[in-house]
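Here is target_36.pdb, consisting of PDB, C-alpha atoms:
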```pdb
MODEL        1
ATOM      1  CA  MET A   1       0.000   0.000   0.000
ATOM      2  CA  GLN A   2       1.191   3.510  -0.813
ATOM      3  CA  TYR A   3       0.522   6.444   1.522
ATOM      4  CA  ARG A   4       0.118  10.096   0.629
ATOM      5  CA  THR A   5      -0.377  13.337   2.532
ATOM      6  CA  LEU A   6      -4.007  14.474   2.462
ATOM      7  CA  GLY A   7      -3.697  17.909   0.914
ATOM      8  CA  ARG A   8      -1.845  20.204   3.307
ATOM      9  CA  THR A   9      -3.218  18.586   6.464
ATOM     10  CA  GLY A  10      -0.169  16.475   7.286
ATOM     11  CA  VAL A  11      -2.444  13.418   7.672
ATOM     12  CA  GLN A  12      -1.145  10.293   5.929
ATOM     13  CA  VAL A  13      -3.768   8.229   4.117
ATOM     14  CA  SER A  14      -3.650   5.089   1.999
ATOM     15  CA  SER A  15      -3.794   5.479  -1.776
ATOM     16  CA  LEU A  16      -6.814   3.163  -1.782
ATOM     17  CA  ALA A  17      -9.612   4.064   0.629
ATOM     18  CA  LEU A  18     -12.670   2.056   1.619
ATOM     19  CA  GLY A  19     -15.994   3.548   0.569
ATOM     20  CA  ALA A  20     -18.927   2.217   2.571
ATOM     21  CA  MET A  21     -21.839   3.070   0.273
ATOM     22  CA  ASN A  22     -22.534  -0.634  -0.287
ATOM     23  CA  PHE A  23     -22.886  -1.356   3.426
ATOM     24  CA  GLY A  24     -26.492  -2.245   4.147
ATOM     25  CA  ALA A  25     -29.508  -2.384   1.864
ATOM     26  CA  ILE A  26     -27.853  -0.610  -1.075
ATOM     27  CA  GLY A  27     -25.275  -3.357  -1.523
ATOM     28  CA  ARG A  28     -27.292  -6.080   0.216
ATOM     29  CA  THR A  29     -24.480  -6.342   2.783
ATOM     30  CA  ASP A  30     -25.204  -7.379   6.367
ATOM     31  CA  GLN A  31     -23.208  -6.410   9.463
ATOM     32  CA  GLY A  32     -21.036  -9.506   9.413
ATOM     33  CA  GLU A  33     -20.084  -8.921   5.797
ATOM     34  CA  ALA A  34     -19.432  -5.226   6.385
ATOM     35  CA  THR A  35     -17.176  -5.993   9.351
ATOM     36  CA  ALA A  36     -15.299  -8.590   7.308
ATOM     37  CA  LEU A  37     -14.719  -5.995   4.574
ATOM     38  CA  VAL A  38     -13.403  -3.478   7.102
ATOM     39  CA  ASP A  39     -11.150  -6.137   8.651
ATOM     40  CA  ALA A  40      -9.726  -7.136   5.278
ATOM     41  CA  ALA A  41      -9.234  -3.520   4.196
ATOM     42  CA  LEU A  42      -7.339  -2.632   7.366
ATOM     43  CA  ASP A  43      -5.239  -5.790   7.059
ATOM     44  CA  GLY A  44      -4.435  -4.719   3.509
ATOM     45  CA  GLY A  45      -3.107  -1.346   4.654
ATOM     46  CA  VAL A  46      -6.194   0.819   4.096
ATOM     47  CA  ASN A  47      -6.518   3.458   6.812
ATOM     48  CA  LEU A  48      -9.246   5.750   5.410
ATOM     49  CA  ILE A  49     -12.940   4.804   5.551
ATOM     50  CA  ASP A  50     -15.520   7.042   3.897
ATOM     51  CA  THR A  51     -19.274   6.932   4.393
ATOM     52  CA  ALA A  52     -22.231   9.370   4.370
ATOM     53  CA  ASP A  53     -25.412   9.966   6.314
ATOM     54  CA  MET A  54     -27.624   9.340   3.277
ATOM     55  CA  TYR A  55     -26.170   5.891   2.473
ATOM     56  CA  GLY A  56     -29.120   3.757   3.454
ATOM     57  CA  GLN A  57     -30.469   6.741   5.417
ATOM     58  CA  GLY A  58     -27.911   6.194   8.152
ATOM     59  CA  GLU A  59     -27.541   2.427   7.876
ATOM     60  CA  SER A  60     -24.012   2.576   6.439
ATOM     61  CA  GLU A  61     -22.774   4.822   9.258
ATOM     62  CA  GLU A  62     -24.238   2.469  11.862
ATOM     63  CA  MET A  63     -22.516  -0.526  10.275
ATOM     64  CA  VAL A  64     -19.209   1.307   9.965
ATOM     65  CA  GLY A  65     -19.463   2.305  13.623
ATOM     66  CA  ARG A  66     -19.927  -1.284  14.742
ATOM     67  CA  ALA A  67     -17.127  -2.497  12.461
ATOM     68  CA  ILE A  68     -14.533  -0.035  13.790
ATOM     69  CA  ALA A  69     -15.457  -0.310  17.470
ATOM     70  CA  GLY A  70     -12.312  -0.643  19.563
ATOM     71  CA  ARG A  71      -9.942   0.594  16.850
ATOM     72  CA  ARG A  72     -11.161   4.105  16.121
ATOM     73  CA  ASP A  73      -7.753   5.702  16.580
ATOM     74  CA  ASP A  74      -6.229   3.592  13.787
ATOM     75  CA  ILE A  75      -8.653   4.961  11.193
ATOM     76  CA  VAL A  76      -9.052   8.232   9.342
ATOM     77  CA  LEU A  77     -12.843   8.396   9.456
ATOM     78  CA  ALA A  78     -14.769  10.464   6.911
ATOM     79  CA  THR A  79     -18.465  11.056   6.429
ATOM     80  CA  LYS A  80     -20.673  13.460   4.488
ATOM     81  CA  ALA A  81     -23.859  15.498   4.882
ATOM     82  CA  GLY A  82     -26.086  17.616   2.693
ATOM     83  CA  MET A  83     -28.172  15.151   0.708
ATOM     84  CA  PRO A  84     -31.846  14.717   1.746
ATOM     85  CA  MET A  85     -32.448  12.784   4.955
ATOM     86  CA  GLY A  86     -36.206  12.421   4.788
ATOM     87  CA  GLU A  87     -39.036  14.473   3.372
ATOM     88  CA  GLU A  88     -38.795  17.477   5.705
ATOM     89  CA  ARG A  89     -37.365  20.334   3.630
ATOM     90  CA  ASN A  90     -34.778  21.469   6.182
ATOM     91  CA  ARG A  91     -33.194  18.033   6.643
ATOM     92  CA  ARG A  92     -30.753  18.626   3.782
ATOM     93  CA  GLY A  93     -28.402  21.223   2.378
ATOM     94  CA  GLY A  94     -25.607  23.305   3.876
ATOM     95  CA  SER A  95     -27.356  25.492   6.447
ATOM     96  CA  ARG A  96     -25.975  25.847   9.978
ATOM     97  CA  ARG A  97     -29.300  24.552  11.309
ATOM     98  CA  TRP A  98     -28.992  21.313   9.398
ATOM     99  CA  LEU A  99     -25.247  20.675   9.560
ATOM    100  CA  VAL A 100     -25.138  20.900  13.351
ATOM    101  CA  SER A 101     -28.005  18.423  13.657
ATOM    102  CA  ALA A 102     -26.707  16.158  10.889
ATOM    103  CA  LEU A 103     -23.285  15.864  12.498
ATOM    104  CA  GLU A 104     -24.761  14.961  15.872
ATOM    105  CA  ASP A 105     -26.808  12.258  14.154
ATOM    106  CA  SER A 106     -23.730  10.943  12.331
ATOM    107  CA  LEU A 107     -21.623  10.862  15.502
ATOM    108  CA  ARG A 108     -24.362   8.926  17.284
ATOM    109  CA  ARG A 109     -24.689   6.392  14.468
ATOM    110  CA  LEU A 110     -20.920   5.975  14.163
ATOM    111  CA  GLY A 111     -20.499   5.692  17.929
ATOM    112  CA  VAL A 112     -17.656   8.236  18.034
ATOM    113  CA  ASP A 113     -17.085  11.687  19.486
ATOM    114  CA  HIS A 114     -15.547  13.176  16.338
ATOM    115  CA  VAL A 115     -14.893  12.480  12.676
ATOM    116  CA  ASP A 116     -11.613  13.261  10.967
ATOM    117  CA  LEU A 117     -13.137  14.583   7.747
ATOM    118  CA  TYR A 118     -16.633  16.029   7.372
ATOM    119  CA  GLN A 119     -17.661  16.675   3.771
ATOM    120  CA  ILE A 120     -20.474  18.623   2.148
ATOM    121  CA  HIS A 121     -21.963  15.987  -0.141
ATOM    122  CA  ARG A 122     -23.066  18.397  -2.871
ATOM    123  CA  TRP A 123     -22.930  22.145  -3.367
ATOM    124  CA  ASP A 124     -26.135  23.712  -2.032
ATOM    125  CA  PRO A 125     -27.143  26.625  -4.310
ATOM    126  CA  SER A 126     -29.616  27.914  -1.710
ATOM    127  CA  THR A 127     -27.000  28.436   1.013
ATOM    128  CA  GLY A 128     -24.183  30.974   0.964
ATOM    129  CA  ASP A 129     -20.580  29.875   1.442
ATOM    130  CA  GLU A 130     -20.201  32.037   4.563
ATOM    131  CA  GLU A 131     -23.116  30.266   6.271
ATOM    132  CA  THR A 132     -21.777  26.780   5.564
ATOM    133  CA  LEU A 133     -18.121  27.555   6.269
ATOM    134  CA  SER A 134     -19.000  29.364   9.496
ATOM    135  CA  ALA A 135     -20.929  26.344  10.778
ATOM    136  CA  LEU A 136     -18.127  23.959   9.789
ATOM    137  CA  THR A 137     -15.495  26.180  11.402
ATOM    138  CA  ASP A 138     -17.441  26.228  14.670
ATOM    139  CA  LEU A 139     -17.839  22.436  14.595
ATOM    140  CA  GLN A 140     -14.102  22.132  14.018
ATOM    141  CA  ARG A 141     -13.303  24.467  16.927
ATOM    142  CA  ALA A 142     -15.659  22.430  19.121
ATOM    143  CA  GLY A 143     -13.518  19.351  18.376
ATOM    144  CA  LYS A 144     -16.305  17.428  16.663
ATOM    145  CA  ILE A 145     -14.563  17.426  13.273
ATOM    146  CA  ARG A 146     -10.857  17.649  12.561
ATOM    147  CA  TYR A 147     -11.100  18.858   8.943
ATOM    148  CA  PHE A 148     -13.821  19.568   6.413
ATOM    149  CA  GLY A 149     -14.096  19.181   2.673
ATOM    150  CA  SER A 150     -16.395  19.281  -0.325
ATOM    151  CA  SER A 151     -17.709  16.549  -2.587
ATOM    152  CA  THR A 152     -18.532  16.802  -6.286
ATOM    153  CA  PHE A 153     -18.324  20.588  -6.350
ATOM    154  CA  PRO A 154     -17.972  22.349  -9.725
ATOM    155  CA  ALA A 155     -14.567  23.961 -10.129
ATOM    156  CA  HIS A 156     -15.914  27.503  -9.855
ATOM    157  CA  ARG A 157     -17.600  26.675  -6.533
ATOM    158  CA  ILE A 158     -14.352  25.256  -5.153
ATOM    159  CA  VAL A 159     -12.648  28.542  -6.013
ATOM    160  CA  GLN A 160     -15.489  30.644  -4.588
ATOM    161  CA  ALA A 161     -15.450  28.712  -1.309
ATOM    162  CA  GLN A 162     -11.699  29.248  -0.959
ATOM    163  CA  TRP A 163     -12.152  32.980  -1.464
ATOM    164  CA  ALA A 164     -15.109  33.101   0.940
ATOM    165  CA  ALA A 165     -13.019  31.409   3.628
ATOM    166  CA  ARG A 166     -10.266  33.973   3.146
ATOM    167  CA  GLU A 167     -12.614  36.954   3.025
ATOM    168  CA  HIS A 168     -14.516  36.004   6.173
ATOM    169  CA  ARG A 169     -11.517  34.505   7.993
ATOM    170  CA  LEU A 170     -13.085  31.080   8.300
ATOM    171  CA  GLY A 171     -11.750  27.553   8.013
ATOM    172  CA  ARG A 172     -11.482  26.292   4.449
ATOM    173  CA  TYR A 173     -12.255  23.083   2.622
ATOM    174  CA  VAL A 174      -9.077  20.995   2.601
ATOM    175  CA  THR A 175     -10.346  18.168   0.388
ATOM    176  CA  GLU A 176     -12.572  17.573  -2.622
ATOM    177  CA  GLN A 177     -14.213  14.274  -3.520
ATOM    178  CA  PRO A 178     -14.968  14.131  -7.267
ATOM    179  CA  SER A 179     -15.962  11.317  -9.601
ATOM    180  CA  TYR A 180     -12.940  10.255 -11.672
ATOM    181  CA  SER A 181     -12.047   7.284 -13.825
ATOM    182  CA  VAL A 182     -10.469   6.356 -17.152
ATOM    183  CA  LEU A 183     -13.912   6.732 -18.740
ATOM    184  CA  GLN A 184     -14.817  10.020 -17.013
ATOM    185  CA  ARG A 185     -11.799  12.322 -17.242
ATOM    186  CA  GLY A 186     -13.563  15.688 -17.404
ATOM    187  CA  ILE A 187     -12.252  16.845 -14.022
ATOM    188  CA  GLU A 188      -8.749  16.911 -15.494
ATOM    189  CA  ALA A 189      -9.799  20.006 -17.446
ATOM    190  CA  HIS A 190     -11.231  22.048 -14.571
ATOM    191  CA  VAL A 191     -11.490  20.510 -11.084
ATOM    192  CA  LEU A 192      -8.023  18.988 -10.700
ATOM    193  CA  PRO A 193      -6.147  22.136 -11.797
ATOM    194  CA  VAL A 194      -8.099  24.054  -9.144
ATOM    195  CA  THR A 195      -7.549  21.529  -6.356
ATOM    196  CA  GLN A 196      -3.841  21.462  -7.167
ATOM    197  CA  GLU A 197      -3.685  25.262  -7.155
ATOM    198  CA  TYR A 198      -5.255  25.423  -3.682
ATOM    199  CA  GLY A 199      -3.508  22.366  -2.268
ATOM    200  CA  LEU A 200      -6.652  20.302  -1.671
ATOM    201  CA  GLY A 201      -6.480  16.573  -1.105
ATOM    202  CA  VAL A 202      -8.548  14.649  -3.663
ATOM    203  CA  LEU A 203     -10.473  11.457  -2.872
ATOM    204  CA  ALA A 204     -11.709  10.089  -6.194
ATOM    205  CA  TRP A 205     -14.965   8.165  -6.135
ATOM    206  CA  SER A 206     -16.183   5.684  -8.758
ATOM    207  CA  PRO A 207     -12.667   4.912 -10.069
ATOM    208  CA  LEU A 208     -14.112   1.766 -11.661
ATOM    209  CA  ALA A 209     -16.808   3.816 -13.409
ATOM    210  CA  SER A 210     -19.778   2.167 -11.672
ATOM    211  CA  GLY A 211     -18.515  -1.278 -12.640
ATOM    212  CA  TRP A 212     -17.616  -0.582 -16.259
ATOM    213  CA  LEU A 213     -13.945  -1.150 -15.427
ATOM    214  CA  SER A 214     -14.421  -4.093 -13.074
ATOM    215  CA  GLY A 215     -13.949  -6.674 -15.816
ATOM    216  CA  ALA A 216     -17.592  -7.761 -15.586
ATOM    217  CA  VAL A 217     -18.751  -5.553 -18.471
ATOM    218  CA  ARG A 218     -17.415  -6.914 -21.749
ATOM    219  CA  GLU A 219     -18.616  -7.289 -25.324
ATOM    220  CA  GLY A 220     -21.016 -10.220 -25.713
ATOM    221  CA  ARG A 221     -21.138 -10.938 -21.981
ATOM    222  CA  ALA A 222     -24.424 -10.868 -20.077
ATOM    223  CA  LEU A 223     -24.469  -8.132 -17.450
ATOM    224  CA  THR A 224     -24.795  -9.489 -13.940
ATOM    225  CA  ASN A 225     -23.527  -6.686 -11.708
ATOM    226  CA  SER A 226     -25.894  -4.959  -9.294
ATOM    227  CA  ARG A 227     -25.555  -1.548 -10.979
ATOM    228  CA  ALA A 228     -26.779  -2.979 -14.280
ATOM    229  CA  THR A 229     -29.838  -4.362 -12.479
ATOM    230  CA  LEU A 230     -30.593  -1.077 -10.710
ATOM    231  CA  MET A 231     -29.805   1.230 -13.649
ATOM    232  CA  PRO A 232     -30.142  -0.777 -16.877
ATOM    233  CA  GLN A 233     -30.231   2.381 -19.017
ATOM    234  CA  ARG A 234     -26.652   3.127 -17.999
ATOM    235  CA  PHE A 235     -25.454  -0.162 -19.449
ATOM    236  CA  ASP A 236     -27.695  -0.537 -22.514
ATOM    237  CA  PRO A 237     -25.258  -0.848 -25.471
ATOM    238  CA  ALA A 238     -27.854   0.770 -27.749
ATOM    239  CA  VAL A 239     -27.235   4.078 -25.949
ATOM    240  CA  PRO A 240     -24.404   5.928 -27.791
ATOM    241  CA  ALA A 241     -22.516   6.830 -24.604
ATOM    242  CA  ASN A 242     -22.665   3.222 -23.430
ATOM    243  CA  ARG A 243     -21.486   2.020 -26.816
ATOM    244  CA  ALA A 244     -18.517   4.364 -26.578
ATOM    245  CA  ARG A 245     -17.716   3.083 -23.096
ATOM    246  CA  LEU A 246     -17.952  -0.541 -24.155
ATOM    247  CA  ASP A 247     -15.646   0.042 -27.105
ATOM    248  CA  ALA A 248     -13.175   1.804 -24.806
ATOM    249  CA  VAL A 249     -13.333  -1.021 -22.251
ATOM    250  CA  GLU A 250     -12.450  -3.588 -24.920
ATOM    251  CA  ARG A 251      -9.425  -1.554 -25.994
ATOM    252  CA  LEU A 252      -8.381  -0.898 -22.395
ATOM    253  CA  ALA A 253      -8.637  -4.615 -21.582
ATOM    254  CA  LYS A 254      -6.151  -5.303 -24.368
ATOM    255  CA  VAL A 255      -3.757  -2.683 -22.966
ATOM    256  CA  ALA A 256      -4.061  -4.276 -19.521
ATOM    257  CA  ASP A 257      -3.416  -7.769 -20.883
ATOM    258  CA  GLU A 258      -0.305  -6.621 -22.736
ATOM    259  CA  ALA A 259       0.972  -4.961 -19.551
ATOM    260  CA  GLY A 260       0.315  -8.070 -17.454
ATOM    261  CA  LEU A 261      -2.382  -6.323 -15.431
ATOM    262  CA  THR A 262      -6.012  -6.893 -14.638
ATOM    263  CA  LEU A 263      -8.471  -4.273 -15.841
ATOM    264  CA  ILE A 264      -9.032  -3.276 -12.208
ATOM    265  CA  GLN A 265      -5.307  -2.745 -11.684
ATOM    266  CA  LEU A 266      -5.164  -0.634 -14.837
ATOM    267  CA  ALA A 267      -8.176   1.456 -13.773
ATOM    268  CA  LEU A 268      -7.073   2.086 -10.189
ATOM    269  CA  GLY A 269      -3.452   2.572 -11.172
ATOM    270  CA  PHE A 270      -4.557   5.231 -13.654
ATOM    271  CA  VAL A 271      -6.529   7.210 -11.055
ATOM    272  CA  THR A 272      -3.819   7.098  -8.395
ATOM    273  CA  ALA A 273      -1.139   8.041 -10.953
ATOM    274  CA  HIS A 274      -2.484  11.574 -11.321
ATOM    275  CA  PRO A 275      -0.372  13.923  -9.168
ATOM    276  CA  GLY A 276      -3.501  15.751  -8.036
ATOM    277  CA  VAL A 277      -5.197  12.626  -6.646
ATOM    278  CA  THR A 278      -4.567  11.524  -3.071
ATOM    279  CA  ALA A 279      -6.611   8.314  -2.972
ATOM    280  CA  ALA A 280      -9.101   6.263  -4.955
ATOM    281  CA  LEU A 281     -12.253   5.228  -3.093
ATOM    282  CA  VAL A 282     -13.213   1.613  -3.725
ATOM    283  CA  GLY A 283     -16.679   0.379  -2.782
ATOM    284  CA  PRO A 284     -16.560  -3.437  -2.654
ATOM    285  CA  ARG A 285     -19.677  -5.437  -1.981
ATOM    286  CA  THR A 286     -17.918  -8.759  -1.351
ATOM    287  CA  PRO A 287     -14.497  -9.877  -0.044
ATOM    288  CA  GLU A 288     -13.698 -11.090  -3.563
ATOM    289  CA  HIS A 289     -14.288  -7.593  -4.919
ATOM    290  CA  LEU A 290     -12.028  -6.119  -2.251
ATOM    291  CA  ARG A 291      -9.213  -8.600  -2.855
ATOM    292  CA  ALA A 292      -9.199  -7.768  -6.558
ATOM    293  CA  GLN A 293      -9.058  -4.064  -5.726
ATOM    294  CA  LEU A 294      -6.329  -4.379  -3.087
ATOM    295  CA  ASP A 295      -4.218  -6.173  -5.699
ATOM    296  CA  ALA A 296      -3.923  -2.750  -7.350
ATOM    297  CA  ALA A 297      -2.536  -1.051  -4.234
ATOM    298  CA  ASP A 298       1.062  -1.083  -5.465
ATOM    299  CA  THR A 299       0.313  -0.764  -9.187
ATOM    300  CA  VAL A 300       2.448   1.825 -10.944
ATOM    301  CA  LEU A 301       1.630   2.310 -14.617
ATOM    302  CA  THR A 302       4.506   2.903 -16.999
ATOM    303  CA  ALA A 303       4.578   5.896 -19.328
ATOM    304  CA  ASP A 304       3.771   3.766 -22.385
ATOM    305  CA  VAL A 305       0.677   2.337 -20.685
ATOM    306  CA  LEU A 306      -0.514   5.817 -19.677
ATOM    307  CA  ASP A 307       0.092   7.014 -23.239
ATOM    308  CA  ALA A 308      -1.946   4.097 -24.589
ATOM    309  CA  ILE A 309      -4.824   5.030 -22.262
ATOM    310  CA  ASP A 310      -4.668   8.619 -23.549
ATOM    311  CA  THR A 311      -5.159   7.412 -27.126
ATOM    312  CA  ILE A 312      -8.307   5.512 -26.105
ATOM    313  CA  VAL A 313      -9.872   8.185 -23.866
ATOM    314  CA  PRO A 314      -8.263  11.596 -24.447
ATOM    315  CA  PRO A 315      -7.364  13.688 -21.380
ATOM    316  CA  GLY A 316     -10.222  15.810 -20.051
ATOM    317  CA  THR A 317     -12.875  13.722 -21.833
ATOM    318  CA  ASP A 318     -16.085  12.315 -20.335
ATOM    319  CA  LEU A 319     -17.452   9.432 -22.385
ATOM    320  CA  ALA A 320     -20.807   9.794 -20.610
ATOM    321  CA  PRO A 321     -21.217  13.560 -20.156
ATOM    322  CA  ASP A 322     -24.885  13.203 -19.176
ATOM    323  CA  GLU A 323     -23.798  11.352 -16.042
ATOM    324  CA  LYS A 324     -21.840  14.255 -14.636
ATOM    325  CA  PHE A 325     -22.609  15.075 -11.008
ATOM    326  CA  ASP A 326     -21.106  18.560 -10.824
ATOM    327  CA  THR A 327     -23.102  20.152 -13.626
ATOM    328  CA  PRO A 328     -24.284  23.702 -12.747
ATOM    329  CA  PRO A 329     -28.007  23.562 -11.849
ATOM    330  CA  ALA A 330     -28.934  26.063 -14.587
ATOM    331  CA  LEU A 331     -27.899  23.529 -17.228
ATOM    332  CA  LEU A 332     -30.328  20.982 -15.809
ATOM    333  CA  ASP A 333     -33.309  23.200 -14.901
ATOM    334  CA  PRO A 334     -34.548  25.525 -17.687
ATOM    335  CA  SER A 335     -36.287  27.784 -15.160
ATOM    336  CA  LEU A 336     -32.890  28.799 -13.772
ATOM    337  CA  ARG A 337     -31.572  30.079 -17.091
ATOM    338  CA  ARG A 338     -34.683  31.817 -18.454
ATOM    339  CA  ARG A 339     -36.406  34.960 -17.305
TER     340      ARG A 339
ENDMDL
END
```

For the structure just supplied, provide its representation as structure tokens.
Amino acid sequence: MQYRTLGRTGVQVSSLALGAMNFGAIGRTDQGEATALVDAALDGGVNLIDTADMYGQGESEEMVGRAIAGRRDDIVLATKAGMPMGEERNRRGGSRRWLVSALEDSLRRLGVDHVDLYQIHRWDPSTGDEETLSALTDLQRAGKIRYFGSSTFPAHRIVQAQWAAREHRLGRYVTEQPSYSVLQRGIEAHVLPVTQEYGLGVLAWSPLASGWLSGAVREGRALTNSRATLMPQRFDPAVPANRARLDAVERLAKVADEAGLTLIQLALGFVTAHPGVTAALVGPRTPEHLRAQLDAADTVLTADVLDAIDTIVPPGTDLAPDEKFDTPPALLDPSLRRR
């Protein structure tokens, strides 16, 4: 396992981190299985575990809390808030009112008195940066969070938040958690240059592109992964973006074979090779998934392999642009761009 410094915090984290989204109903994982995954990850050198309040509406945090009981100090523990937690309109977003309550709920579910990294799950257009940063700064000063970060923020919002922190003399986001993979490289054109400029640590989620780069999605092979069952439209080869991804996967598999690597090793090695990326978040559902991912922990791609990847998916290119998660709201809602 490789270890890197998380932004400018001085905290050392593993280059592969354990994402707990699949703990519970989402991944059909029970407590015993979740604990086994945590055990295996820690044994493999992973020291960062990332979850969120909205994963299973708190279920993931509860399972993580039980799994890490008795060894809290060995783990860099991260969670997130901001996505809806029920129907009540104020149980979401980045307001002080909600973040204070949401953190207390997360601490209770996790069974801890603080988290190391508290992240705003999505930019909240209805809440000003000063409001959110002020609340996070106070929670940090109270000792309930050590650091705070953003997740899936557009590049311009990352910049604005840094300036707001400076202007109002508040704590700043020290990490960003974007989606990044061989098939979705758009952040190379805007987000990663910004995070590097401001010295933010980057925790990349979906490095296997929702299973496209797991080796399970291949030409002529029946799809059996859980994502394909839940979101069949995202894997239908009749959709042009999916066709482009499938063609790229076939070419990438050949590159991996010639390099003596699995497709998973190629995919994770690519993400962790970028100098702006601190760690890749893997979200295994089974011990077999985790073992295959941990096999990539010490993968270092050679220049010729990275060049071959660039010819298949050019730098800064998203093969499925409609699946972006940091698109400005006005591009999705016509009412926000018309008088």

Quick one: contact table of segment 145-190 of chain A to segment 93-113 of chain A, 12 Å max, nearest atom pair and distance in Å to one decimal per residue, counting all atoms listed in the file, chain and number order, as JSON lines?
```
{"residue": "A:Ile145", "atom": "CA", "partner": "A:Asp113", "partner_atom": "CA", "distance": 8.8}
{"residue": "A:Arg146", "atom": "CA", "partner": "A:Asp113", "partner_atom": "CA", "distance": 11.1}
{"residue": "A:Phe148", "atom": "CA", "partner": "A:Leu103", "partner_atom": "CA", "distance": 11.8}
{"residue": "A:Ser150", "atom": "CA", "partner": "A:Gly94", "partner_atom": "CA", "distance": 10.9}
```

Restricting the calculation to all atoms listed in the file, which member of A:Gly82, A:Gly201, A:Gly215, A:Gly27 is positioned closest to Ala279 of chain A?
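Closest to Ala279 of chain A of all the choices is A:Gly201.
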
For this session: May I have the protein, DNA and RNA residues with an atom at most 8 Å from (-7.6, 22.3, 8.1), counting all atoms listed in the file in the file's coordinates, returned as number ranges by chain?
Result: A: 8-9, 146-148, 171-174

Review point. Got a sec: who's within 10 Å of segment 65-79 of chain A, counting all atoms listed in the file, leaving out chain neighbours fewer than 4 positions off, as a ChimeraX atom specification?
Key: /A:11-14,17,19-20,31-39,42,46-54,59-61,103,106-112,114-121,145-149

Keeping only C-alpha atoms, write the selected residues to a file as a compact mmCIF listing (two decimals), in the frame of the given file.
```txt
# COMPACT_ATOMS: atom_id res chain seq x y z
CA VAL A 11 -2.44 13.42 7.67
CA GLN A 12 -1.14 10.29 5.93
CA VAL A 13 -3.77 8.23 4.12
CA SER A 14 -3.65 5.09 2.00
CA ALA A 17 -9.61 4.06 0.63
CA GLY A 19 -15.99 3.55 0.57
CA ALA A 20 -18.93 2.22 2.57
CA GLN A 31 -23.21 -6.41 9.46
CA GLY A 32 -21.04 -9.51 9.41
CA GLU A 33 -20.08 -8.92 5.80
CA ALA A 34 -19.43 -5.23 6.38
CA THR A 35 -17.18 -5.99 9.35
CA ALA A 36 -15.30 -8.59 7.31
CA LEU A 37 -14.72 -6.00 4.57
CA VAL A 38 -13.40 -3.48 7.10
CA ASP A 39 -11.15 -6.14 8.65
CA LEU A 42 -7.34 -2.63 7.37
CA VAL A 46 -6.19 0.82 4.10
CA ASN A 47 -6.52 3.46 6.81
CA LEU A 48 -9.25 5.75 5.41
CA ILE A 49 -12.94 4.80 5.55
CA ASP A 50 -15.52 7.04 3.90
CA THR A 51 -19.27 6.93 4.39
CA ALA A 52 -22.23 9.37 4.37
CA ASP A 53 -25.41 9.97 6.31
CA MET A 54 -27.62 9.34 3.28
CA GLU A 59 -27.54 2.43 7.88
CA SER A 60 -24.01 2.58 6.44
CA GLU A 61 -22.77 4.82 9.26
CA LEU A 103 -23.28 15.86 12.50
CA SER A 106 -23.73 10.94 12.33
CA LEU A 107 -21.62 10.86 15.50
CA ARG A 108 -24.36 8.93 17.28
CA ARG A 109 -24.69 6.39 14.47
CA LEU A 110 -20.92 5.98 14.16
CA GLY A 111 -20.50 5.69 17.93
CA VAL A 112 -17.66 8.24 18.03
CA HIS A 114 -15.55 13.18 16.34
CA VAL A 115 -14.89 12.48 12.68
CA ASP A 116 -11.61 13.26 10.97
CA LEU A 117 -13.14 14.58 7.75
CA TYR A 118 -16.63 16.03 7.37
CA GLN A 119 -17.66 16.68 3.77
CA ILE A 120 -20.47 18.62 2.15
CA HIS A 121 -21.96 15.99 -0.14
CA ILE A 145 -14.56 17.43 13.27
CA ARG A 146 -10.86 17.65 12.56
CA TYR A 147 -11.10 18.86 8.94
CA PHE A 148 -13.82 19.57 6.41
CA GLY A 149 -14.10 19.18 2.67
```

Give me the segment 136-225 of chain A side of the contact with segment 317-335 of chain A, cut-off 8 Å, one line per residue showing its nearest atom pair and distance in Å at one decimal, counting only C-alpha atoms, sorted by chain and residue number, as a Markdown table.
```
| residue | atom | partner | partner_atom | distance |
| --- | --- | --- | --- | --- |
| A:Thr152 | CA | A:Asp326 | CA | 5.5 |
| A:Phe153 | CA | A:Asp326 | CA | 5.6 |
| A:Pro154 | CA | A:Asp326 | CA | 5.0 |
| A:Ser179 | CA | A:Phe325 | CA | 7.8 |
| A:Leu183 | CA | A:Leu319 | CA | 5.8 |
| A:Gln184 | CA | A:Asp318 | CA | 4.2 |
| A:Arg185 | CA | A:Thr317 | CA | 4.9 |
| A:Gly186 | CA | A:Thr317 | CA | 4.9 |
```

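Closest to Leu246 of chain A among A:Leu261, A:Gly86, A:Ile312, A:Gly276 is A:Ile312, based on only C-alpha atoms.
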
*atom CA of Ser206 of chain A to atom CA of Glu188 of chain A, straight-line distance in Å*: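 Separating atom CA of Glu188 of chain A from atom CA of Ser206 of chain A is a distance of 15.1 Å.
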
Distance of atom CA of Ala155 of chain A from atom CA of Met85 of chain A, expressed in Å to one decimal place
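Distance reported for this atom pair: 25.9 Å.
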
### Task
Considering only C-alpha atoms, state which residue in the set A:Gly199, A:Leu268, A:Pro284, A:Leu139 is at the smallest distance from Ala256 of chain A.
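The shortest atom-to-atom distance to Ala256 of chain A comes from A:Leu268.
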
Within 10 Å of Ala253 of chain A using only C-alpha atoms, minus same-chain residues under 5 positions, as a PyMOL selection string
chain A and resi 213+215+218+248+258-259+261-264+266-267

Deliver the residues from the most recent selection as a file, using C-alpha atoms, as a compact mmCIF listing (two decimals), in the frame of the given file.
```txt
# COMPACT_ATOMS: atom_id res chain seq x y z
CA LEU A 213 -13.94 -1.15 -15.43
CA GLY A 215 -13.95 -6.67 -15.82
CA ARG A 218 -17.42 -6.91 -21.75
CA ALA A 248 -13.18 1.80 -24.81
CA GLU A 258 -0.30 -6.62 -22.74
CA ALA A 259 0.97 -4.96 -19.55
CA LEU A 261 -2.38 -6.32 -15.43
CA THR A 262 -6.01 -6.89 -14.64
CA LEU A 263 -8.47 -4.27 -15.84
CA ILE A 264 -9.03 -3.28 -12.21
CA LEU A 266 -5.16 -0.63 -14.84
CA ALA A 267 -8.18 1.46 -13.77
```
